[in-house]
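S.K.: Sharing target20.pdb here; it has PDB, C-alpha atoms.
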```pdb
MODEL        1
ATOM      1  CA  MET A 273     -15.881  23.351  25.317  1.00  0.00           C
ATOM      2  CA  GLU A 274     -12.862  25.374  26.497  1.00  0.00           C
ATOM      3  CA  ALA A 275     -10.900  22.163  26.996  1.00  0.00           C
ATOM      4  CA  PHE A 276     -11.882  20.995  23.504  1.00  0.00           C
ATOM      5  CA  CYS A 277     -10.755  24.283  21.933  1.00  0.00           C
ATOM      6  CA  LYS A 278      -7.434  24.160  23.828  1.00  0.00           C
ATOM      7  CA  ALA A 279      -6.911  20.587  22.645  1.00  0.00           C
ATOM      8  CA  LEU A 280      -7.417  21.718  19.068  1.00  0.00           C
ATOM      9  CA  GLN A 281      -4.877  24.506  19.500  1.00  0.00           C
ATOM     10  CA  ASP A 282      -2.289  22.159  20.996  1.00  0.00           C
ATOM     11  CA  SER A 283      -2.875  19.394  18.452  1.00  0.00           C
ATOM     12  CA  PRO A 284      -0.497  18.847  15.508  1.00  0.00           C
ATOM     13  CA  SER A 285      -1.503  20.279  12.148  1.00  0.00           C
ATOM     14  CA  PHE A 286      -4.275  18.422  10.346  1.00  0.00           C
ATOM     15  CA  LEU A 287      -3.796  16.621   7.059  1.00  0.00           C
ATOM     16  CA  HIS A 288      -6.802  17.425   4.861  1.00  0.00           C
ATOM     17  CA  VAL A 289      -7.614  14.476   2.623  1.00  0.00           C
ATOM     18  CA  GLY A 290      -9.863  14.700  -0.421  1.00  0.00           C
ATOM     19  CA  ASP A 291     -10.598  13.431  -3.901  1.00  0.00           C
ATOM     20  CA  SER A 292      -9.438  14.899  -7.211  1.00  0.00           C
ATOM     21  CA  ALA A 293     -12.164  17.585  -7.107  1.00  0.00           C
ATOM     22  CA  MET A 294     -10.209  19.523  -4.473  1.00  0.00           C
ATOM     23  CA  TYR A 295      -6.692  19.094  -5.891  1.00  0.00           C
ATOM     24  CA  GLU A 296      -6.384  22.219  -8.042  1.00  0.00           C
ATOM     25  CA  ARG A 297      -7.872  24.503  -5.379  1.00  0.00           C
ATOM     26  CA  CYS A 298      -5.431  23.055  -2.857  1.00  0.00           C
ATOM     27  CA  VAL A 299      -2.525  23.852  -5.168  1.00  0.00           C
ATOM     28  CA  LYS A 300      -3.751  27.399  -5.857  1.00  0.00           C
ATOM     29  CA  GLU A 301      -5.164  28.463  -2.489  1.00  0.00           C
ATOM     30  CA  ALA A 302      -4.147  26.146   0.360  1.00  0.00           C
ATOM     31  CA  VAL A 303      -0.736  27.683   1.024  1.00  0.00           C
ATOM     32  CA  GLU A 304      -0.609  27.038   4.772  1.00  0.00           C
ATOM     33  CA  MET A 305      -2.822  23.935   4.844  1.00  0.00           C
ATOM     34  CA  LYS A 306      -1.376  20.429   4.638  1.00  0.00           C
ATOM     35  CA  TRP A 307      -3.325  18.289   2.196  1.00  0.00           C
ATOM     36  CA  LEU A 308      -3.353  14.942   0.417  1.00  0.00           C
ATOM     37  CA  SER A 309      -5.429  14.521  -2.723  1.00  0.00           C
ATOM     38  CA  ARG A 310      -5.906  12.386  -5.791  1.00  0.00           C
ATOM     39  CA  VAL A 311      -4.540  14.112  -8.902  1.00  0.00           C
ATOM     40  CA  PRO A 312      -7.111  14.631 -11.708  1.00  0.00           C
ATOM     41  CA  GLU A 313      -6.311  12.331 -14.631  1.00  0.00           C
ATOM     42  CA  ARG A 314      -7.136  15.056 -17.172  1.00  0.00           C
ATOM     43  CA  LEU A 315      -4.024  17.076 -16.244  1.00  0.00           C
ATOM     44  CA  LYS A 316      -1.266  16.890 -18.848  1.00  0.00           C
ATOM     45  CA  GLU A 317       1.378  16.022 -16.265  1.00  0.00           C
ATOM     46  CA  ALA A 318      -0.791  13.228 -14.845  1.00  0.00           C
ATOM     47  CA  LYS A 319      -1.547  11.768 -18.284  1.00  0.00           C
ATOM     48  CA  LYS A 320       2.171  11.546 -18.964  1.00  0.00           C
ATOM     49  CA  TRP A 321       2.873   9.425 -15.882  1.00  0.00           C
ATOM     50  CA  LEU A 322      -0.226   7.255 -16.170  1.00  0.00           C
ATOM     51  CA  THR A 323       0.897   5.883 -19.546  1.00  0.00           C
ATOM     52  CA  VAL A 324       4.579   5.220 -18.795  1.00  0.00           C
ATOM     53  CA  PRO A 325       5.472   1.478 -19.107  1.00  0.00           C
ATOM     54  CA  ASP A 326       5.590  -0.502 -15.847  1.00  0.00           C
ATOM     55  CA  GLU A 327       9.212  -1.494 -16.348  1.00  0.00           C
ATOM     56  CA  SER A 328      10.263   2.174 -16.196  1.00  0.00           C
ATOM     57  CA  PHE A 329       9.417   2.319 -12.484  1.00  0.00           C
ATOM     58  CA  LEU A 330      10.873   0.821  -9.334  1.00  0.00           C
ATOM     59  CA  TRP A 331       7.744  -0.518  -7.615  1.00  0.00           C
ATOM     60  CA  THR A 332       7.198  -1.124  -3.889  1.00  0.00           C
ATOM     61  CA  GLU A 333       4.646  -3.797  -3.045  1.00  0.00           C
ATOM     62  CA  LEU A 334       1.790  -2.852  -0.685  1.00  0.00           C
ATOM     63  CA  PRO A 335      -0.898  -5.014   0.974  1.00  0.00           C
ATOM     64  CA  ASN A 336      -4.122  -6.098  -0.788  1.00  0.00           C
ATOM     65  CA  GLY A 337      -2.764  -6.122  -4.344  1.00  0.00           C
ATOM     66  CA  TYR A 338      -1.490  -2.534  -4.396  1.00  0.00           C
ATOM     67  CA  ARG A 339       1.954  -1.249  -5.344  1.00  0.00           C
ATOM     68  CA  MET A 340       3.462   2.223  -5.414  1.00  0.00           C
ATOM     69  CA  THR A 341       6.324   4.249  -6.818  1.00  0.00           C
ATOM     70  CA  SER A 342       7.484   7.792  -6.114  1.00  0.00           C
ATOM     71  CA  LEU A 343       7.395  10.286  -9.000  1.00  0.00           C
ATOM     72  CA  SER A 344      10.285  12.515  -7.991  1.00  0.00           C
ATOM     73  CA  ASP A 345      10.229  14.627 -11.163  1.00  0.00           C
ATOM     74  CA  ALA A 346       6.486  15.384 -11.087  1.00  0.00           C
ATOM     75  CA  CYS A 347       5.323  18.971 -10.557  1.00  0.00           C
ATOM     76  CA  TYR A 348       2.220  21.105 -11.035  1.00  0.00           C
ATOM     77  CA  GLY A 349       1.266  24.704 -10.338  1.00  0.00           C
ATOM     78  CA  GLU A 350       4.726  25.725  -9.069  1.00  0.00           C
ATOM     79  CA  VAL A 351       3.848  24.293  -5.648  1.00  0.00           C
ATOM     80  CA  GLU A 352       6.376  21.936  -4.092  1.00  0.00           C
ATOM     81  CA  GLN A 353       4.691  18.589  -3.523  1.00  0.00           C
ATOM     82  CA  ARG A 354       5.196  14.835  -3.619  1.00  0.00           C
ATOM     83  CA  TRP A 355       3.468  12.573  -6.137  1.00  0.00           C
ATOM     84  CA  ILE A 356       2.985   8.832  -5.607  1.00  0.00           C
ATOM     85  CA  LEU A 357       1.788   6.572  -8.434  1.00  0.00           C
ATOM     86  CA  ILE A 358      -0.471   3.768  -7.166  1.00  0.00           C
ATOM     87  CA  HIS A 359      -1.399   0.599  -9.061  1.00  0.00           C
ATOM     88  CA  SER A 360      -4.231  -1.712  -7.992  1.00  0.00           C
ATOM     89  CA  GLU A 361      -4.363  -5.258  -9.400  1.00  0.00           C
ATOM     90  CA  GLN A 362      -8.086  -5.591  -8.642  1.00  0.00           C
ATOM     91  CA  ALA A 363      -8.967  -2.277 -10.294  1.00  0.00           C
ATOM     92  CA  ALA A 364      -6.767  -3.103 -13.302  1.00  0.00           C
ATOM     93  CA  SER A 365      -8.543  -6.441 -13.777  1.00  0.00           C
ATOM     94  CA  ARG A 366     -11.974  -4.773 -13.746  1.00  0.00           C
ATOM     95  CA  GLU A 367     -10.951  -1.912 -16.000  1.00  0.00           C
ATOM     96  CA  LEU A 368      -9.246  -4.183 -18.558  1.00  0.00           C
ATOM     97  CA  LYS A 369     -12.470  -6.172 -18.932  1.00  0.00           C
ATOM     98  CA  THR A 370     -14.362  -2.921 -19.509  1.00  0.00           C
ATOM     99  CA  LEU A 371     -11.745  -1.818 -22.047  1.00  0.00           C
ATOM    100  CA  LYS A 372     -12.130  -5.079 -24.002  1.00  0.00           C
ATOM    101  CA  LYS A 373     -15.893  -4.587 -24.139  1.00  0.00           C
ATOM    102  CA  ARG A 374     -15.402  -1.062 -25.490  1.00  0.00           C
ATOM    103  CA  ILE A 375     -12.978  -2.301 -28.149  1.00  0.00           C
ATOM    104  CA  ASP A 376     -15.401  -5.040 -29.238  1.00  0.00           C
ATOM    105  CA  LYS A 377     -18.307  -2.592 -29.273  1.00  0.00           C
ATOM    106  CA  GLU A 378     -16.365  -0.102 -31.378  1.00  0.00           C
ATOM    107  CA  LYS A 379     -15.522  -2.859 -33.876  1.00  0.00           C
ATOM    108  CA  GLU A 380     -19.182  -3.858 -34.118  1.00  0.00           C
ATOM    109  CA  VAL A 381     -20.380  -0.282 -34.669  1.00  0.00           C
ATOM    110  CA  TYR A 382     -17.775   0.711 -37.241  1.00  0.00           C
ATOM    111  CA  THR A 383     -18.037  -2.518 -39.206  1.00  0.00           C
ATOM    112  CA  LYS A 384     -21.580  -1.389 -40.001  1.00  0.00           C
ATOM    113  CA  VAL A 385     -20.381   2.158 -40.754  1.00  0.00           C
ATOM    114  CA  LEU A 386     -17.846   0.844 -43.283  1.00  0.00           C
ATOM    115  CA  TRP A 387     -20.443  -1.410 -44.916  1.00  0.00           C
ATOM    116  CA  HIS A 388     -22.803   1.514 -45.491  1.00  0.00           C
ATOM    117  CA  LEU A 389     -19.930   3.632 -46.775  1.00  0.00           C
ATOM    118  CA  SER A 390     -18.919   0.947 -49.306  1.00  0.00           C
ATOM    119  CA  ASN A 391     -22.393   1.168 -50.876  1.00  0.00           C
ATOM    120  CA  GLN A 392     -22.105   4.876 -51.651  1.00  0.00           C
ATOM    121  CA  ASP A 393     -20.948   6.380 -54.973  1.00  0.00           C
ATOM    122  CA  PHE A 394     -18.614   9.382 -55.095  1.00  0.00           C
ATOM    123  CA  THR A 395     -17.738  11.675 -57.995  1.00  0.00           C
ATOM    124  CA  CYS A 396     -13.992  11.511 -57.336  1.00  0.00           C
ATOM    125  CA  GLU A 397     -11.408   9.744 -55.143  1.00  0.00           C
ATOM    126  CA  HIS A 398     -10.836  12.879 -53.089  1.00  0.00           C
ATOM    127  CA  ASP A 399     -14.528  13.085 -52.093  1.00  0.00           C
ATOM    128  CA  ALA A 400     -14.530   9.379 -51.247  1.00  0.00           C
ATOM    129  CA  LEU A 401     -11.505   9.672 -48.932  1.00  0.00           C
ATOM    130  CA  LEU A 402     -12.871  12.870 -47.375  1.00  0.00           C
ATOM    131  CA  ALA A 403     -16.172  11.177 -46.483  1.00  0.00           C
ATOM    132  CA  ALA A 404     -14.376   8.040 -45.323  1.00  0.00           C
ATOM    133  CA  ASN A 405     -12.011   9.810 -42.938  1.00  0.00           C
ATOM    134  CA  LYS A 406     -14.853  11.896 -41.546  1.00  0.00           C
ATOM    135  CA  SER A 407     -16.942   8.788 -40.834  1.00  0.00           C
ATOM    136  CA  VAL A 408     -14.210   7.205 -38.652  1.00  0.00           C
ATOM    137  CA  LYS A 409     -12.941  10.369 -36.970  1.00  0.00           C
ATOM    138  CA  ALA A 410     -14.142   9.221 -33.544  1.00  0.00           C
ATOM    139  CA  LEU A 411     -12.269   5.890 -33.590  1.00  0.00           C
ATOM    140  CA  LYS A 412     -10.292   5.297 -30.379  1.00  0.00           C
ATOM    141  CA  TYR A 413      -8.991   1.752 -30.584  1.00  0.00           C
ATOM    142  CA  HIS A 414      -8.974   0.954 -34.317  1.00  0.00           C
ATOM    143  CA  GLN A 415      -7.491   2.247 -37.545  1.00  0.00           C
ATOM    144  CA  VAL A 416      -8.718   1.867 -41.118  1.00  0.00           C
ATOM    145  CA  THR A 417      -6.920   1.231 -44.381  1.00  0.00           C
ATOM    146  CA  TRP A 418      -8.766   2.480 -47.467  1.00  0.00           C
ATOM    147  CA  ASN A 419      -8.977   1.205 -51.018  1.00  0.00           C
ATOM    148  CA  THR A 420     -10.769   3.231 -53.696  1.00  0.00           C
ATOM    149  CA  SER A 421     -11.887   1.751 -57.015  1.00  0.00           C
ATOM    150  CA  PRO A 422     -13.602   3.250 -60.106  1.00  0.00           C
ATOM    151  CA  ILE A 423     -17.227   2.497 -60.959  1.00  0.00           C
ATOM    152  CA  GLU A 424     -17.546   1.851 -64.690  1.00  0.00           C
ATOM    153  CA  LYS A 425     -20.871   1.330 -66.493  1.00  0.00           C
ATOM    154  CA  HIS A 426     -22.210   1.400 -70.042  1.00  0.00           C
ATOM    155  CA  SER A 427     -24.316   4.463 -70.724  1.00  0.00           C
ATOM    156  CA  LYS A 428     -27.047   2.509 -72.566  1.00  0.00           C
ATOM    157  CA  SER A 429     -29.153  -0.293 -71.166  1.00  0.00           C
ATOM    158  CA  GLY A 430     -29.072  -3.748 -72.677  1.00  0.00           C
ATOM    159  CA  ARG A 431     -26.228  -5.746 -74.125  1.00  0.00           C
ATOM    160  CA  PRO A 432     -23.319  -3.479 -75.189  1.00  0.00           C
ATOM    161  CA  LYS A 433     -22.157  -3.566 -78.768  1.00  0.00           C
ATOM    162  CA  ALA A 434     -18.787  -4.997 -79.684  1.00  0.00           C
ATOM    163  CA  GLY A 435     -16.070  -2.454 -79.044  1.00  0.00           C
ATOM    164  CA  ASP A 436     -18.191  -0.287 -76.711  1.00  0.00           C
ATOM    165  CA  LYS A 437     -16.185   0.743 -73.659  1.00  0.00           C
ATOM    166  CA  PRO A 438     -17.799   1.443 -70.267  1.00  0.00           C
ATOM    167  CA  GLN A 439     -17.740   5.010 -68.977  1.00  0.00           C
ATOM    168  CA  LEU A 440     -16.396   6.146 -65.631  1.00  0.00           C
ATOM    169  CA  MET A 441     -19.445   6.880 -63.444  1.00  0.00           C
ATOM    170  CA  GLY A 442     -17.714   7.544 -60.103  1.00  0.00           C
ATOM    171  CA  TYR A 443     -15.759   5.893 -57.310  1.00  0.00           C
ATOM    172  CA  CYS A 444     -16.479   3.617 -54.371  1.00  0.00           C
ATOM    173  CA  ILE A 445     -14.350   3.042 -51.286  1.00  0.00           C
ATOM    174  CA  GLN A 446     -13.699  -0.013 -49.140  1.00  0.00           C
ATOM    175  CA  GLY A 447     -12.330   0.153 -45.598  1.00  0.00           C
ATOM    176  CA  THR A 448     -10.526  -2.545 -43.619  1.00  0.00           C
ATOM    177  CA  LEU A 449     -10.800  -2.193 -39.849  1.00  0.00           C
ATOM    178  CA  ASN A 450      -7.831  -3.226 -37.683  1.00  0.00           C
ATOM    179  CA  GLU A 451      -7.064  -2.815 -33.991  1.00  0.00           C
ATOM    180  CA  ASP A 452      -4.660   0.033 -33.257  1.00  0.00           C
ATOM    181  CA  GLN A 453      -2.262  -1.922 -31.057  1.00  0.00           C
ATOM    182  CA  GLU A 454      -0.228   1.139 -30.072  1.00  0.00           C
ATOM    183  CA  ARG A 455      -3.258   2.995 -28.719  1.00  0.00           C
ATOM    184  CA  ILE A 456      -4.595  -0.123 -27.001  1.00  0.00           C
ATOM    185  CA  THR A 457      -1.234  -0.749 -25.300  1.00  0.00           C
ATOM    186  CA  VAL A 458      -1.182   2.825 -23.966  1.00  0.00           C
ATOM    187  CA  ALA A 459      -4.791   2.497 -22.773  1.00  0.00           C
ATOM    188  CA  LYS A 460      -3.956  -0.753 -20.950  1.00  0.00           C
ATOM    189  CA  ARG A 461      -1.064   0.865 -19.068  1.00  0.00           C
ATOM    190  CA  HIS A 462      -3.472   3.412 -17.619  1.00  0.00           C
ATOM    191  CA  LYS A 463      -5.779   0.801 -16.087  1.00  0.00           C
ATOM    192  CA  GLY A 464      -5.604   0.351 -12.322  1.00  0.00           C
ATOM    193  CA  ARG A 465      -3.400   3.410 -11.867  1.00  0.00           C
ATOM    194  CA  PHE A 466      -3.976   6.691 -10.064  1.00  0.00           C
ATOM    195  CA  ILE A 467      -1.759   9.389  -8.567  1.00  0.00           C
ATOM    196  CA  LEU A 468      -1.817  10.762  -5.023  1.00  0.00           C
ATOM    197  CA  ALA A 469      -0.182  14.094  -4.184  1.00  0.00           C
ATOM    198  CA  SER A 470       0.599  15.960  -0.975  1.00  0.00           C
ATOM    199  CA  ASN A 471       2.344  19.175  -0.021  1.00  0.00           C
ATOM    200  CA  GLU A 472       3.603  17.503   3.157  1.00  0.00           C
ATOM    201  CA  LEU A 473       7.282  17.130   2.254  1.00  0.00           C
ATOM    202  CA  ASP A 474       8.493  15.629   5.540  1.00  0.00           C
ATOM    203  CA  GLN A 475       8.897  11.862   5.160  1.00  0.00           C
ATOM    204  CA  ALA A 476       8.935  11.483   8.946  1.00  0.00           C
ATOM    205  CA  ILE A 477       5.424  12.959   9.195  1.00  0.00           C
ATOM    206  CA  LEU A 478       3.982  11.390   6.038  1.00  0.00           C
ATOM    207  CA  PRO A 479       6.031   8.517   4.579  1.00  0.00           C
ATOM    208  CA  ASP A 480       5.415   7.490   0.975  1.00  0.00           C
ATOM    209  CA  SER A 481       3.882   4.230   2.198  1.00  0.00           C
ATOM    210  CA  ALA A 482       1.274   6.189   4.222  1.00  0.00           C
ATOM    211  CA  PHE A 483      -0.229   7.995   1.222  1.00  0.00           C
ATOM    212  CA  LEU A 484      -2.633   5.211   0.270  1.00  0.00           C
ATOM    213  CA  PRO A 485      -3.836   4.338   3.826  1.00  0.00           C
ATOM    214  CA  GLU A 486      -4.441   8.033   4.577  1.00  0.00           C
ATOM    215  CA  TYR A 487      -6.322   8.495   1.303  1.00  0.00           C
ATOM    216  CA  LYS A 488      -8.518   5.440   1.879  1.00  0.00           C
ATOM    217  CA  GLU A 489      -9.448   6.634   5.389  1.00  0.00           C
ATOM    218  CA  GLN A 490     -11.711   9.319   3.889  1.00  0.00           C
ATOM    219  CA  ILE A 491     -14.262   6.673   2.914  1.00  0.00           C
ATOM    220  CA  LYS A 492     -15.023   6.077   6.601  1.00  0.00           C
ATOM    221  CA  THR A 493     -15.937   9.748   7.031  1.00  0.00           C
ATOM    222  CA  GLU A 494     -18.022   9.671   3.846  1.00  0.00           C
ATOM    223  CA  GLN A 495     -19.874   6.563   5.067  1.00  0.00           C
ATOM    224  CA  GLY A 496     -20.575   8.306   8.376  1.00  0.00           C
ATOM    225  CA  PHE A 497     -22.113  11.328   6.659  1.00  0.00           C
ATOM    226  CA  ARG A 498     -24.084   9.038   4.328  1.00  0.00           C
ATOM    227  CA  PHE A 499     -25.495   7.262   7.389  1.00  0.00           C
ATOM    228  CA  ILE A 500     -26.440  10.532   9.103  1.00  0.00           C
ATOM    229  CA  LYS A 501     -28.168  11.828   5.967  1.00  0.00           C
ATOM    230  CA  SER A 502     -30.081   8.600   5.414  1.00  0.00           C
ATOM    231  CA  ASP A 503     -33.580   7.862   6.768  1.00  0.00           C
ATOM    232  CA  THR A 504     -32.136   5.710   9.579  1.00  0.00           C
ATOM    233  CA  PHE A 505     -32.312   8.527  12.146  1.00  0.00           C
ATOM    234  CA  GLU A 506     -35.596   9.944  10.820  1.00  0.00           C
ATOM    235  CA  VAL A 507     -34.456  13.346  12.102  1.00  0.00           C
ATOM    236  CA  ASP A 508     -37.183  15.231  10.266  1.00  0.00           C
ATOM    237  CA  SER A 509     -40.001  13.230  11.858  1.00  0.00           C
ATOM    238  CA  ILE A 510     -38.591  13.876  15.376  1.00  0.00           C
ATOM    239  CA  PHE A 511     -37.647  17.549  15.179  1.00  0.00           C
ATOM    240  CA  LEU A 512     -39.531  18.893  12.201  1.00  0.00           C
ATOM    241  CA  LYS A 513     -43.097  17.741  12.639  1.00  0.00           C
ATOM    242  CA  LYS A 514     -44.349  21.178  11.694  1.00  0.00           C
ATOM    243  CA  PRO A 515     -43.014  23.492   8.936  1.00  0.00           C
TER     244      PRO A 515
ENDMDL
END
```
Would you mind writing the file out in structure tokens?

M.R.:
Amino acid sequence: MEAFCKALQDSPSFLHVGDSAMYERCVKEAVEMKWLSRVPERLKEAKKWLTVPDESFLWTELPNGYRMTSLSDACYGEVEQRWILIHSEQAASRELKTLKKRIDKEKEVYTKVLWHLSNQDFTCEHDALLAANKSVKALKYHQVTWNTSPIEKHSKSGRPKAGDKPQLMGYCIQGTLNEDQERITVAKRHKGRFILASNELDQAILPDSAFLPEYKEQIKTEQGFRFIKSDTFEVDSIFLKKP
């Protein structure tokens, strides 16, 4: 045990690797600790980089369909750190298929919404547009163009007399659904991308190309803990036969 403790003392500093859940605490609290973490995509700074066009970066190819680029201007929390943008071809392919399904599903749902809306009567154009815009407020990948038209009817039933003019009874509204190509293009850029960050600034200790391999190593530890916690060992039946 003494030899083990001495080996720990003499060993180089550890690099603590974790997922995006630990990133902000690392930035705020881990002043002396060296860490590497995935950056949460909800952060404003991360969102900005995740939607920048591919041609704006100088990419370096990595094995297994990955590529990377250094984000030298990135910063967060006033802590000096390095950010590396990673793109995975395999992940992008999967996520683009999912995106297409979401776009198609949204079109299906809101086509029905617009049909029901077109069968409603409104007292004025303002009320019609107000209800229309409210009904499509949650659209992500489509936009709607509106056309309002008056509803005119004769006040009396039966055939109208010569010269009788119909009265204005209200307004109806028709919506045309179209894909929002600008939003879809931005959403596509995001697919397959994620950002890794570390406060290890020394390229000799942690080169840019080592970010992804170091990050992916954590899965081996996670698999080990998953195995230990599984029923394979049946630890409770061996050591905890009685309460």

S.K.: Could you state the separation of atom CA of A:Gln392 and atom CA of A:Leu449 in Å, given to one decimal place?

M.R.: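 Answer for the atom CA of A:Gln392 to atom CA of A:Leu449 separation: 17.8 Å.
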
S.K.: Please indicate the distance in Å from atom CA of A:Lys488 to atom CA of A:Glu327, rounded to one decimal place.

M.R.: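 A separation of 26.4 Å between them.
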
S.K.: Near A:Asp452, counting all atoms listed in the file, which residues have an atom at most 9 Å away, once you skip same-chain residues fewer than 4 positions from it, shown as a PDB file with C-alpha atoms, in the coordinates of the input?

M.R.:
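The file below, part_21.pdb, is the result:
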```pdb
ATOM      1  CA  LYS A 412     -10.292   5.297 -30.379  1.00  0.00           C
ATOM      2  CA  TYR A 413      -8.991   1.752 -30.584  1.00  0.00           C
ATOM      3  CA  HIS A 414      -8.974   0.954 -34.317  1.00  0.00           C
ATOM      4  CA  GLN A 415      -7.491   2.247 -37.545  1.00  0.00           C
ATOM      5  CA  ILE A 456      -4.595  -0.123 -27.001  1.00  0.00           C
ATOM      6  CA  THR A 457      -1.234  -0.749 -25.300  1.00  0.00           C
TER       7      THR A 457
END
```

S.K.: Nearest residue to A:Pro325 out of A:Ala400, A:Tyr443, A:Ala459, A:Asp345, using only C-alpha atoms?

M.R.: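 Ranking A:Ala400, A:Tyr443, A:Ala459, A:Asp345 by distance to A:Pro325, first place goes to A:Ala459.
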
S.K.: Apply the PyMOL selection byres ((chain A and resi 467) around 12) to the displayed file and report the matching residues as a PyMOL selection string.

M.R.: chain A and resi 291-292+295+308-315+317-323+339-343+346+354-360+462+464-466+468-470+483-484+487

S.K.: So how far away is atom CA of A:Asp326 from atom CA of A:Val289, in Å?

M.R.: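 Going from atom CA of A:Val289 over to atom CA of A:Asp326, I get 27.2 Å.
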
S.K.: Under the rule that all atoms listed in the file are counted, which of A:Leu386, A:Val303, A:Ile375, A:Ile423 is the nearest residue to A:Asn405?

M.R.: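 Comparing A:Leu386, A:Val303, A:Ile375, A:Ile423 against A:Asn405, the winner is A:Leu386.
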
S.K.: From the options A:Cys347, A:Leu389, A:Ala476, A:Ala363, which residue's atoms come nearest to A:Lys316, counting all atoms listed in the file?

M.R.: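 Counting all atoms listed in the file, the residue closest to A:Lys316 is A:Cys347.
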
S.K.: Name the residues that the PyMOL selection byres ((chain A and resi 306) around 7) picks from the file above, as a ChimeraX atom specification, using the file's chain letters and numbers.

M.R.: /A:286-288,304-305,307,471-472

S.K.: Near A:Leu411, within 12 Å and counting all atoms listed in the file, which residues show up once chain neighbours fewer than 4 positions away are dropped, as a PDB file with C-alpha atoms, in the coordinates of the input?

M.R.:
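Result went into out_15.pdb, see below:
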```
ATOM      1  CA  ARG A 374     -15.402  -1.062 -25.490  1.00  0.00           C
ATOM      2  CA  ILE A 375     -12.978  -2.301 -28.149  1.00  0.00           C
ATOM      3  CA  LYS A 377     -18.307  -2.592 -29.273  1.00  0.00           C
ATOM      4  CA  GLU A 378     -16.365  -0.102 -31.378  1.00  0.00           C
ATOM      5  CA  LYS A 379     -15.522  -2.859 -33.876  1.00  0.00           C
ATOM      6  CA  GLU A 380     -19.182  -3.858 -34.118  1.00  0.00           C
ATOM      7  CA  VAL A 381     -20.380  -0.282 -34.669  1.00  0.00           C
ATOM      8  CA  TYR A 382     -17.775   0.711 -37.241  1.00  0.00           C
ATOM      9  CA  THR A 383     -18.037  -2.518 -39.206  1.00  0.00           C
ATOM     10  CA  VAL A 385     -20.381   2.158 -40.754  1.00  0.00           C
ATOM     11  CA  ASN A 405     -12.011   9.810 -42.938  1.00  0.00           C
ATOM     12  CA  LYS A 406     -14.853  11.896 -41.546  1.00  0.00           C
ATOM     13  CA  SER A 407     -16.942   8.788 -40.834  1.00  0.00           C
ATOM     14  CA  GLN A 415      -7.491   2.247 -37.545  1.00  0.00           C
ATOM     15  CA  VAL A 416      -8.718   1.867 -41.118  1.00  0.00           C
ATOM     16  CA  LEU A 449     -10.800  -2.193 -39.849  1.00  0.00           C
ATOM     17  CA  ASN A 450      -7.831  -3.226 -37.683  1.00  0.00           C
ATOM     18  CA  GLU A 451      -7.064  -2.815 -33.991  1.00  0.00           C
ATOM     19  CA  ASP A 452      -4.660   0.033 -33.257  1.00  0.00           C
ATOM     20  CA  ARG A 455      -3.258   2.995 -28.719  1.00  0.00           C
ATOM     21  CA  ILE A 456      -4.595  -0.123 -27.001  1.00  0.00           C
TER      22      ILE A 456
END
```

S.K.: Report as a VMD selection string the full result of the PyMOL selection byres ((chain A and resi 349) around 10) when it is applied to this structure.

M.R.: chain A and resid 296 299 to 300 347 to 348 350 to 353

S.K.: Closest to A:Ser285 among A:Cys396, A:Leu334, A:Ile477, A:Glu454, using all atoms listed in the file?

M.R.: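 For A:Ser285, the nearest of the given residues is A:Ile477.
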
S.K.: Mind checking which residues fall within 12 Å of A:Thr395, counting all atoms listed in the file, ignoring those fewer than 5 positions away in the same chain, and posting them as a JSON list (two decimals) with C-alpha atoms, keeping the file's coordinate frame?

M.R.:
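Printed below is result.json as written:
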```json
[["chain", "number", "residue", "atom", "x", "y", "z"],
["A", 400, "ALA", "CA", -14.53, 9.38, -51.25],
["A", 401, "LEU", "CA", -11.50, 9.67, -48.93],
["A", 402, "LEU", "CA", -12.87, 12.87, -47.38],
["A", 403, "ALA", "CA", -16.17, 11.18, -46.48],
["A", 420, "THR", "CA", -10.77, 3.23, -53.70],
["A", 421, "SER", "CA", -11.89, 1.75, -57.02],
["A", 422, "PRO", "CA", -13.60, 3.25, -60.11],
["A", 423, "ILE", "CA", -17.23, 2.50, -60.96],
["A", 424, "GLU", "CA", -17.55, 1.85, -64.69],
["A", 440, "LEU", "CA", -16.40, 6.15, -65.63],
["A", 441, "MET", "CA", -19.44, 6.88, -63.44],
["A", 442, "GLY", "CA", -17.71, 7.54, -60.10],
["A", 443, "TYR", "CA", -15.76, 5.89, -57.31],
["A", 444, "CYS", "CA", -16.48, 3.62, -54.37],
["A", 445, "ILE", "CA", -14.35, 3.04, -51.29]]
```

S.K.: From the set A:Val458, A:Pro485, A:Ala302, A:Lys278, which residue has the shortest atom-to-atom contact distance to A:Asn336, counting all atoms listed in the file?

M.R.: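 Ranked by minimum distance to A:Asn336, first place goes to A:Pro485.
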